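Student: This is the structure I have questions about; it appears just below.
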Amino acid sequence: MRLFTAALASFLIGSTALMSAQSTQSISGMVTDSMCGAHHMMKNVSDAQCTRECVKNGSAFTLVSGGKLYTLKGDKAMFDKWAGQNVTIQGKVDGTAITVETMSAK
């Protein structure tokens with residue numbers, strides 16, 4: 001009986017965590033890259049140009065929001081369009097990754 005109760009409790013805790021990780025959320029921030037984050041390093045270029053160059057050289061598109069850095073998953077052409085800009089994203093958050101459904105101007 002104790003084993004059944006422990007298994008049921010583990011299942012419920014795991015299910016709750018999975019459901020919260022998979023719910024669609026709205027997060028606002030700046031589209032940037034994993035190399036620079038909130039502070040772009042390239043001189044004499046815009047934040048958008050810096051982001052695009054870093055991504056071209058292997059960095060991932062990210063979102064800086066409230067001091068956190070989220071890796072963006074999804075349509076890279078959409079992320080490129082909004083590079084260096086403040087946006088609001090609708091998507092599924094899983095730890096430090098966001099699977100993006102929509103992105104619009106903030």
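Residue numbers start at 1 in each chain; chains themselves are named A, B, ... in the order of the structure tokens; ligands are numbered from 1 in the order shown.
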Write out as a PyMOL selection string each polymer residue whose atoms come within 8 Å of region 43-51 of chain A, counting only C-alpha atoms; drop sequence neighbours fewer than 3 positions from it.

Tutor: chain A and resi 32-33+36+40+54-55+61+82-85

Student: Select, from A:Met41, A:Ala60, A:Ile27, A:Met35, the residue with the minimum atom-to-atom distance to Ser104 (chain A), counting only C-alpha atoms.

Tutor: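 Closest candidate: A:Ile27.
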
Student: Can you tell me, as a JSON list (two decimals) with C-alpha atoms, in the first residue's frame, what residues are no more than 9 Å from Thr71 (chain A) when counting only C-alpha atoms, ignoring any on the same chain fewer than 2 positions away?

Tutor:
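Result file out_8.json:
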```
[["chain", "number", "residue", "atom", "x", "y", "z"],
["A", 33, "ASP", "CA", 21.95, 35.69, -29.29],
["A", 34, "SER", "CA", 23.58, 33.27, -26.86],
["A", 60, "ALA", "CA", 21.58, 30.46, -30.95],
["A", 61, "PHE", "CA", 18.79, 33.03, -31.05],
["A", 62, "THR", "CA", 17.76, 33.90, -27.50],
["A", 63, "LEU", "CA", 15.40, 36.16, -25.60],
["A", 69, "LEU", "CA", 18.29, 34.25, -21.08],
["A", 73, "LYS", "CA", 13.17, 27.12, -30.57],
["A", 96, "THR", "CA", 15.49, 27.99, -20.18],
["A", 97, "ALA", "CA", 14.03, 27.20, -23.62],
["A", 98, "ILE", "CA", 10.94, 28.62, -25.32],
["A", 99, "THR", "CA", 9.23, 26.87, -28.22]]
```

Student: Leaving out Glu101 (chain A) and any residue of its chain fewer than 6 positions from it, which residues lie within 8 Å of it when counting only C-alpha atoms, given as a ChimeraX atom specification?

Tutor: /A:74,89-92

Student: Looking at only C-alpha atoms, which of A:Asn86, A:Phe79, A:Ser26, A:Ala105 is the one that sits closest to Val64 (chain A)?

Tutor: A:Asn86

Student: For CA of Lys81 (chain A) and CA of Gly67 (chain A), quote the distance in Å rounded to one decimal.

Tutor: 22.6 Å

Student: Report the residues of region 10-84 of chain A whose backbone DSSP state falls under helix (DSSP H, G or I), written as an mmCIF file with N, CA and C atoms, in the first residue's frame.

Tutor:
```
data_model
loop_
_atom_site.group_PDB
_atom_site.id
_atom_site.type_symbol
_atom_site.label_atom_id
_atom_site.label_comp_id
_atom_site.auth_asym_id
_atom_site.auth_seq_id
_atom_site.Cartn_x
_atom_site.Cartn_y
_atom_site.Cartn_z
ATOM 1 N N SER A 10 4.348 10.398 -6.810
ATOM 2 C CA SER A 10 5.382 10.713 -7.805
ATOM 3 C C SER A 10 4.755 11.023 -9.156
ATOM 4 N N PHE A 11 3.768 10.237 -9.553
ATOM 5 C CA PHE A 11 3.091 10.453 -10.826
ATOM 6 C C PHE A 11 2.407 11.821 -10.852
ATOM 7 N N LEU A 12 1.698 12.163 -9.780
ATOM 8 C CA LEU A 12 0.988 13.444 -9.735
ATOM 9 C C LEU A 12 1.948 14.621 -9.757
ATOM 10 N N ILE A 13 3.051 14.533 -9.044
ATOM 11 C CA ILE A 13 4.043 15.609 -9.043
ATOM 12 C C ILE A 13 4.657 15.751 -10.423
ATOM 13 N N GLY A 14 5.024 14.640 -11.042
ATOM 14 C CA GLY A 14 5.601 14.662 -12.385
ATOM 15 C C GLY A 14 4.627 15.198 -13.418
ATOM 16 N N SER A 15 3.370 14.811 -13.327
ATOM 17 C CA SER A 15 2.358 15.283 -14.270
ATOM 18 C C SER A 15 2.141 16.779 -14.147
ATOM 19 N N THR A 16 2.119 17.274 -12.922
ATOM 20 C CA THR A 16 1.939 18.707 -12.689
ATOM 21 C C THR A 16 3.111 19.495 -13.276
ATOM 22 N N ALA A 17 4.319 19.020 -13.053
ATOM 23 C CA ALA A 17 5.506 19.701 -13.596
ATOM 24 C C ALA A 17 5.476 19.699 -15.110
ATOM 25 N N LEU A 18 5.106 18.596 -15.719
ATOM 26 C CA LEU A 18 5.037 18.506 -17.179
ATOM 27 C C LEU A 18 3.976 19.436 -17.731
ATOM 28 N N MET A 19 2.817 19.481 -17.097
ATOM 29 C CA MET A 19 1.744 20.347 -17.576
ATOM 30 C C MET A 19 2.142 21.817 -17.477
ATOM 31 N N SER A 20 2.769 22.214 -16.395
ATOM 32 C CA SER A 20 3.154 23.623 -16.255
ATOM 33 C C SER A 20 4.248 23.981 -17.246
ATOM 34 N N ALA A 21 5.138 23.045 -17.557
ATOM 35 C CA ALA A 21 6.213 23.313 -18.508
ATOM 36 C C ALA A 21 5.669 23.430 -19.926
ATOM 37 N N GLN A 22 4.553 22.803 -20.200
ATOM 38 C CA GLN A 22 4.024 22.764 -21.550
ATOM 39 C C GLN A 22 2.889 23.765 -21.792
ATOM 40 N N ASP A 47 22.280 46.423 -32.779
ATOM 41 C CA ASP A 47 22.018 45.191 -32.029
ATOM 42 C C ASP A 47 21.544 44.086 -32.973
ATOM 43 N N ALA A 48 20.720 44.466 -33.961
ATOM 44 C CA ALA A 48 20.215 43.484 -34.929
ATOM 45 C C ALA A 48 21.353 42.885 -35.743
ATOM 46 N N GLN A 49 22.259 43.726 -36.227
ATOM 47 C CA GLN A 49 23.392 43.235 -37.025
ATOM 48 C C GLN A 49 24.300 42.341 -36.184
ATOM 49 N N CYS A 50 24.557 42.729 -34.956
ATOM 50 C CA CYS A 50 25.400 41.935 -34.063
ATOM 51 C C CYS A 50 24.763 40.558 -33.827
ATOM 52 N N THR A 51 23.466 40.555 -33.536
ATOM 53 C CA THR A 51 22.748 39.295 -33.311
ATOM 54 C C THR A 51 22.854 38.391 -34.526
ATOM 55 N N ARG A 52 22.599 38.949 -35.705
ATOM 56 C CA ARG A 52 22.642 38.142 -36.933
ATOM 57 C C ARG A 52 24.034 37.575 -37.200
ATOM 58 N N GLU A 53 25.064 38.375 -36.976
ATOM 59 C CA GLU A 53 26.439 37.898 -37.191
ATOM 60 C C GLU A 53 26.788 36.780 -36.207
ATOM 61 N N CYS A 54 26.409 36.949 -34.951
ATOM 62 C CA CYS A 54 26.703 35.918 -33.956
ATOM 63 C C CYS A 54 25.970 34.613 -34.283
ATOM 64 N N VAL A 55 24.716 34.718 -34.716
ATOM 65 C CA VAL A 55 23.952 33.518 -35.097
ATOM 66 C C VAL A 55 24.583 32.867 -36.320
ATOM 67 N N LYS A 56 24.997 33.680 -37.268
ATOM 68 C CA LYS A 56 25.660 33.159 -38.467
ATOM 69 C C LYS A 56 26.929 32.378 -38.096
ATOM 70 N N LYS A 76 13.537 30.072 -37.376
ATOM 71 C CA LYS A 76 14.693 30.970 -37.322
ATOM 72 C C LYS A 76 14.514 32.205 -38.207
ATOM 73 N N ALA A 77 13.755 32.086 -39.289
ATOM 74 C CA ALA A 77 13.494 33.255 -40.138
ATOM 75 C C ALA A 77 12.686 34.303 -39.358
ATOM 76 N N MET A 78 11.758 33.850 -38.536
ATOM 77 C CA MET A 78 10.973 34.770 -37.712
ATOM 78 C C MET A 78 11.886 35.433 -36.682
ATOM 79 N N PHE A 79 12.778 34.665 -36.051
ATOM 80 C CA PHE A 79 13.685 35.240 -35.063
ATOM 81 C C PHE A 79 14.605 36.266 -35.715
ATOM 82 N N ASP A 80 15.075 35.956 -36.917
ATOM 83 C CA ASP A 80 15.952 36.868 -37.654
ATOM 84 C C ASP A 80 15.242 38.197 -37.939
ATOM 85 N N LYS A 81 13.977 38.123 -38.293
ATOM 86 C CA LYS A 81 13.183 39.326 -38.587
ATOM 87 C C LYS A 81 13.135 40.265 -37.378
#
```

Student: Quick one: pull the distance between CA of Val87 (chain A) and CA of Gly58 (chain A), Å, one decimal.

Tutor: 22.5 Å

Student: At what distance in Å, to one decimal, does CA of Gln25 (chain A) lie from CA of Gly37 (chain A)?

Tutor: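 Going from CA of Gly37 (chain A) over to CA of Gln25 (chain A), I get 21.2 Å.
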
Student: May I have all residues of region 7-98 of chain A that DSSP, computed from the backbone, assigns to strand (DSSP E), given as a VMD selection string?

Tutor: chain A and resid 24 to 33 61 to 65 68 to 73 86 to 94 97 to 98

Student: From the set A:Thr88, A:Val100, A:Gly29, A:Asp94, which residue has the shortest atom-to-atom contact distance to Leu72 (chain A), counting only C-alpha atoms?

Tutor: A:Val100
